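Colleague: I am sharing protein.cif, which consists of mmCIF, C-alpha atoms:
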data_structure
#
loop_
_atom_site.group_PDB
_atom_site.id
_atom_site.type_symbol
_atom_site.label_atom_id
_atom_site.label_comp_id
_atom_site.auth_asym_id
_atom_site.auth_seq_id
_atom_site.Cartn_x
_atom_site.Cartn_y
_atom_site.Cartn_z
ATOM 1 C CA MET A 280 221.922 60.418 28.381
ATOM 2 C CA ASP A 281 222.429 59.804 24.688
ATOM 3 C CA PHE A 282 220.590 56.832 23.122
ATOM 4 C CA GLN A 283 223.664 55.764 21.131
ATOM 5 C CA THR A 284 225.689 55.620 24.359
ATOM 6 C CA LEU A 285 223.151 53.203 25.801
ATOM 7 C CA GLN A 286 223.424 51.011 22.719
ATOM 8 C CA LYS A 287 227.239 51.044 22.801
ATOM 9 C CA ASP A 288 227.238 50.184 26.501
ATOM 10 C CA MET A 289 224.890 47.270 25.865
ATOM 11 C CA VAL A 290 227.216 45.897 23.188
ATOM 12 C CA ALA A 291 230.147 46.282 25.594
ATOM 13 C CA ALA A 292 228.208 44.426 28.304
ATOM 14 C CA MET A 293 227.411 41.635 25.844
ATOM 15 C CA LYS A 294 231.088 41.305 24.893
ATOM 16 C CA ALA A 295 232.046 41.245 28.571
ATOM 17 C CA LYS A 296 229.355 38.591 29.178
ATOM 18 C CA ASP A 297 227.908 40.751 31.966
ATOM 19 C CA LYS A 298 224.367 39.368 31.900
ATOM 20 C CA ILE A 299 222.717 41.597 34.503
ATOM 21 C CA ARG A 300 224.239 44.793 33.045
ATOM 22 C CA LYS A 301 223.153 43.801 29.531
ATOM 23 C CA GLU A 302 219.600 43.059 30.689
ATOM 24 C CA THR A 303 219.362 46.311 32.610
ATOM 25 C CA ILE A 304 220.636 48.444 29.731
ATOM 26 C CA SER A 305 218.364 46.536 27.357
ATOM 27 C CA THR A 306 215.425 47.448 29.592
ATOM 28 C CA LEU A 307 216.422 51.129 29.405
ATOM 29 C CA ILE A 308 216.667 50.944 25.605
ATOM 30 C CA GLN A 309 213.249 49.283 25.326
ATOM 31 C CA ALA A 310 211.657 51.843 27.665
ATOM 32 C CA SER A 311 213.180 54.689 25.623
ATOM 33 C CA LYS A 312 211.912 53.189 22.360
ATOM 34 C CA LYS A 313 208.440 52.709 23.839
ATOM 35 C CA ILE A 314 208.190 56.340 24.943
ATOM 36 C CA ALA A 315 209.456 57.509 21.545
ATOM 37 C CA ILE A 316 206.925 55.363 19.677
ATOM 38 C CA ASP A 317 204.105 56.502 21.967
ATOM 39 C CA GLU A 318 204.980 60.105 21.134
ATOM 40 C CA GLY A 319 205.290 59.412 17.390
ATOM 41 C CA LYS A 320 209.069 59.936 17.322
ATOM 42 C CA ARG A 321 210.148 56.414 16.390
ATOM 43 C CA ASP A 322 213.429 57.457 14.733
ATOM 44 C CA ASP A 323 214.114 60.548 16.823
ATOM 45 C CA ILE A 324 214.924 59.342 20.336
ATOM 46 C CA THR A 325 216.075 62.492 22.090
ATOM 47 C CA GLU A 326 218.140 62.775 25.235
ATOM 48 C CA GLU A 327 215.040 64.017 27.073
ATOM 49 C CA ILE A 328 213.124 60.837 26.168
ATOM 50 C CA VAL A 329 216.002 58.644 27.330
ATOM 51 C CA ASN A 330 216.252 60.574 30.611
ATOM 52 C CA ARG A 331 212.524 60.147 31.255
ATOM 53 C CA ALA A 332 212.781 56.412 30.568
ATOM 54 C CA VAL A 333 215.808 56.078 32.864
ATOM 55 C CA LEU A 334 214.061 57.925 35.706
ATOM 56 C CA LYS A 335 210.903 55.841 35.284
ATOM 57 C CA GLU A 336 212.859 52.585 35.350
ATOM 58 C CA ALA A 337 214.889 53.793 38.342
ATOM 59 C CA LYS A 338 211.679 54.471 40.248
ATOM 60 C CA THR A 339 210.313 51.009 39.374
ATOM 61 C CA VAL A 340 213.482 49.186 40.411
ATOM 62 C CA LYS A 341 213.778 51.266 43.601
ATOM 63 C CA GLU A 342 210.268 50.097 44.546
ATOM 64 C CA GLN A 343 211.357 46.500 43.900
ATOM 65 C CA VAL A 344 214.369 46.973 46.181
ATOM 66 C CA ASP A 345 212.232 48.539 48.907
ATOM 67 C CA THR A 346 209.458 45.921 48.786
ATOM 68 C CA CYS A 347 211.648 42.833 48.439
ATOM 69 C CA PRO A 348 211.426 40.649 51.557
ATOM 70 C CA ALA A 349 214.559 40.470 53.703
ATOM 71 C CA GLU A 350 214.720 36.667 53.471
ATOM 72 C CA ARG A 351 215.180 36.954 49.688
ATOM 73 C CA ALA A 352 218.690 38.410 49.994
ATOM 74 C CA GLU A 353 219.942 37.256 46.570
ATOM 75 C CA LEU A 354 216.909 38.762 44.808
ATOM 76 C CA LYS A 355 217.242 42.010 46.736
ATOM 77 C CA GLU A 356 220.944 42.138 45.808
ATOM 78 C CA GLU A 357 220.057 41.646 42.128
ATOM 79 C CA TYR A 358 217.506 44.482 42.282
ATOM 80 C CA GLN A 359 220.060 46.710 44.010
ATOM 81 C CA THR A 360 222.639 45.943 41.302
ATOM 82 C CA LYS A 361 220.099 46.850 38.616
ATOM 83 C CA TYR A 362 219.263 50.066 40.452
ATOM 84 C CA ASP A 363 222.954 50.991 40.707
ATOM 85 C CA ILE A 364 223.421 50.396 36.963
ATOM 86 C CA ILE A 365 220.355 52.494 36.108
ATOM 87 C CA MET A 366 221.560 55.323 38.335
ATOM 88 C CA GLU A 367 224.803 55.464 36.287
ATOM 89 C CA TYR A 368 222.638 56.645 33.385
ATOM 90 C CA ALA A 369 220.248 58.864 35.348
ATOM 91 C CA PRO A 370 220.528 62.616 34.893
ATOM 92 C CA LYS A 371 221.995 64.524 37.840
ATOM 93 C CA MET A 372 219.206 65.790 40.069
ATOM 94 C CA MET A 373 219.129 69.231 41.625
ATOM 95 C CA SER A 374 219.784 69.555 45.339
ATOM 96 C CA PRO A 375 217.174 71.159 47.638
ATOM 97 C CA GLU A 376 219.371 74.275 47.785
ATOM 98 C CA GLU A 377 219.414 74.541 43.972
ATOM 99 C CA ILE A 378 215.642 74.023 43.861
ATOM 100 C CA GLU A 379 215.119 76.794 46.408
ATOM 101 C CA GLU A 380 217.338 79.118 44.379
ATOM 102 C CA VAL A 381 215.339 78.458 41.179
ATOM 103 C CA LEU A 382 212.055 78.950 43.038
ATOM 104 C CA THR A 383 213.070 82.255 44.597
ATOM 105 C CA THR A 384 214.466 83.655 41.347
ATOM 106 C CA LYS A 385 212.157 82.372 38.586
ATOM 107 C CA PHE A 386 208.937 81.862 40.528
ATOM 108 C CA ALA A 387 208.960 84.767 42.996
ATOM 109 C CA GLU A 388 205.547 86.074 41.841
ATOM 110 C CA VAL A 389 203.911 82.643 42.232
ATOM 111 C CA LEU A 390 205.571 82.143 45.635
ATOM 112 C CA ALA A 391 204.099 85.443 46.817
ATOM 113 C CA ALA A 392 200.611 83.912 46.563
ATOM 114 C CA LYS A 393 201.609 81.190 49.099
ATOM 115 C CA ASN A 394 199.242 78.789 47.274
ATOM 116 C CA LYS A 395 201.101 75.474 47.333
ATOM 117 C CA GLY A 396 198.970 73.932 44.558
ATOM 118 C CA GLN A 397 199.592 76.833 42.186
ATOM 119 C CA ILE A 398 203.301 76.866 42.976
ATOM 120 C CA MET A 399 203.688 73.113 42.405
ATOM 121 C CA LYS A 400 201.791 73.324 39.107
ATOM 122 C CA ALA A 401 204.036 76.102 37.806
ATOM 123 C CA VAL A 402 207.283 74.642 39.120
ATOM 124 C CA MET A 403 206.829 70.979 38.140
ATOM 125 C CA ALA A 404 206.579 71.835 34.445
ATOM 126 C CA GLU A 405 209.907 73.662 34.665
ATOM 127 C CA LEU A 406 211.817 71.202 36.875
ATOM 128 C CA LYS A 407 210.412 67.868 35.646
ATOM 129 C CA GLY A 408 213.323 65.485 35.126
ATOM 130 C CA LYS A 409 215.763 67.910 36.738
ATOM 131 C CA ALA A 410 214.708 67.505 40.361
ATOM 132 C CA ASP A 411 212.947 64.917 42.476
ATOM 133 C CA GLY A 412 209.269 65.721 43.093
ATOM 134 C CA LYS A 413 209.585 64.967 46.811
ATOM 135 C CA ASP A 414 212.439 67.463 47.148
ATOM 136 C CA ILE A 415 210.469 70.107 45.251
ATOM 137 C CA ASN A 416 207.447 69.501 47.491
ATOM 138 C CA GLN A 417 209.550 69.889 50.661
ATOM 139 C CA VAL A 418 211.133 73.138 49.452
ATOM 140 C CA VAL A 419 207.737 74.571 48.427
ATOM 141 C CA ALA A 420 206.258 73.618 51.815
ATOM 142 C CA LYS A 421 209.183 75.322 53.562
ATOM 143 C CA LEU A 422 208.790 78.502 51.480
ATOM 144 C CA CYS A 423 205.008 78.661 51.980
ATOM 145 C CA GLN A 424 205.272 78.837 55.768
#
Could I get this file's structure written as structure tokens?
Modeller:
Amino acid sequence: MDFQTLQKDMVAAMKAKDKIRKETISTLIQASKKIAIDEGKRDDITEEIVNRAVLKEAKTVKEQVDTCPAERAELKEEYQTKYDIIMEYAPKMMSPEEIEEVLTTKFAEVLAAKNKGQIMKAVMAELKGKADGKDINQVVAKLCQ
């Protein structure tokens, strides 16, 4: 996701008076800026930084949705709306089949060792931000049997 796209979408949400969308996109922009500043890239907010920020915020909001009590229906609905908006900006994640294909082609020598820790260490660096860690873990467990 491009940082300028986020900014344009926030302006559009402000013009449309869509408060929750504006707040959610604003949160994504702030998270992206924070990561960029932490890495010393204040003026160079890359797509990779934005994607990391989006995924981090998605994880946080998903936890809010999951832990929200059932009797707080309006709050849970608000969290779900935020999550849906964030997922519009999230990078497309690889499916378990795609993960298995990458593992068997690029990491065949590491897979041969059947050491799950070594495999995860090698693979996570390559697939970080492209695939969900839980999916990677399941595929590695399946291939190590």
Colleague: Excluding Ile378 (chain A) and residues on its chain fewer than 3 positions from it, collect all residues at most 10 Å away from it, counting all atoms listed in the file, and give them as a list in words.
Modeller: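 Non-adjacent residues within range: Met372, Met373, Ser374, Pro375, Val381, Leu382, Thr383, Val402, Leu406, Lys409, Ala410, Asp411, Asp414, Ile415, Val418 and Val419 of chain A.
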Colleague: For Asp297 (chain A), which of A:Arg321, A:Lys395, A:Lys361, A:Arg331 is the closest residue, counting only C-alpha atoms?
Modeller: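 With only C-alpha atoms as the atom set, the closest residue is A:Lys361.
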Colleague: Residues at most 9 Å from Thr303 (chain A), counting all atoms listed in the file, excluding those fewer than 4 positions away in the same chain, as a ChimeraX atom specification?
Modeller: /A:289,298-299,307-308,361-362,364-365
Colleague: Next, write the just-selected residues to a file, as a JSON list (two decimals), in the frame of the given file, keeping C-alpha atoms as the atom set.
Modeller:
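And here is the file that came out, part_22.json:
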[["chain", "number", "residue", "atom", "x", "y", "z"],
["A", 289, "MET", "CA", 224.89, 47.27, 25.86],
["A", 298, "LYS", "CA", 224.37, 39.37, 31.90],
["A", 299, "ILE", "CA", 222.72, 41.60, 34.50],
["A", 307, "LEU", "CA", 216.42, 51.13, 29.40],
["A", 308, "ILE", "CA", 216.67, 50.94, 25.60],
["A", 361, "LYS", "CA", 220.10, 46.85, 38.62],
["A", 362, "TYR", "CA", 219.26, 50.07, 40.45],
["A", 364, "ILE", "CA", 223.42, 50.40, 36.96],
["A", 365, "ILE", "CA", 220.36, 52.49, 36.11]]
Colleague: Can you measure CA of Met366 (chain A) to CA of Ala337 (chain A) for me? One decimal in Å is fine.
Modeller: 6.8 Å
Colleague: Set up a box along x, y and z of the file covering all listed atoms of region 348-351 of chain A, add 5 Å on every one of the six sides, and write the centre and edge lengths in Å to one decimal, as AutoDock Vina command-line options.
Modeller:
--center_x 213.3 --center_y 38.7 --center_z 51.7 --size_x 13.8 --size_y 14.0 --size_z 14.0
Colleague: Grab the CA of Gln417 (chain A) to CA of Thr384 (chain A) distance for me, in Å with one decimal place.
Modeller: 17.3 Å
Colleague: Calculate how many Å separate CA of Gln286 (chain A) from CA of Glu326 (chain A), rounding to one decimal.
Modeller: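 Separating CA of Gln286 (chain A) from CA of Glu326 (chain A) is a distance of 13.1 Å.
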Colleague: Would you please work out which residue, of A:Val340, A:Asn416, A:Asp322, A:Glu405, is nearest to Phe386 (chain A) when using only C-alpha atoms?
Modeller: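 Nearest candidate to Phe386 (chain A) out of A:Val340, A:Asn416, A:Asp322, A:Glu405: A:Glu405.
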Colleague: Which of these residues is nearest to Gln309 (chain A), using all atoms listed in the file: A:Glu377, A:Val333, A:Glu327, A:Cys347?
Modeller: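 Going through A:Glu377, A:Val333, A:Glu327, A:Cys347 one by one, the smallest distance to Gln309 (chain A) is for A:Val333.
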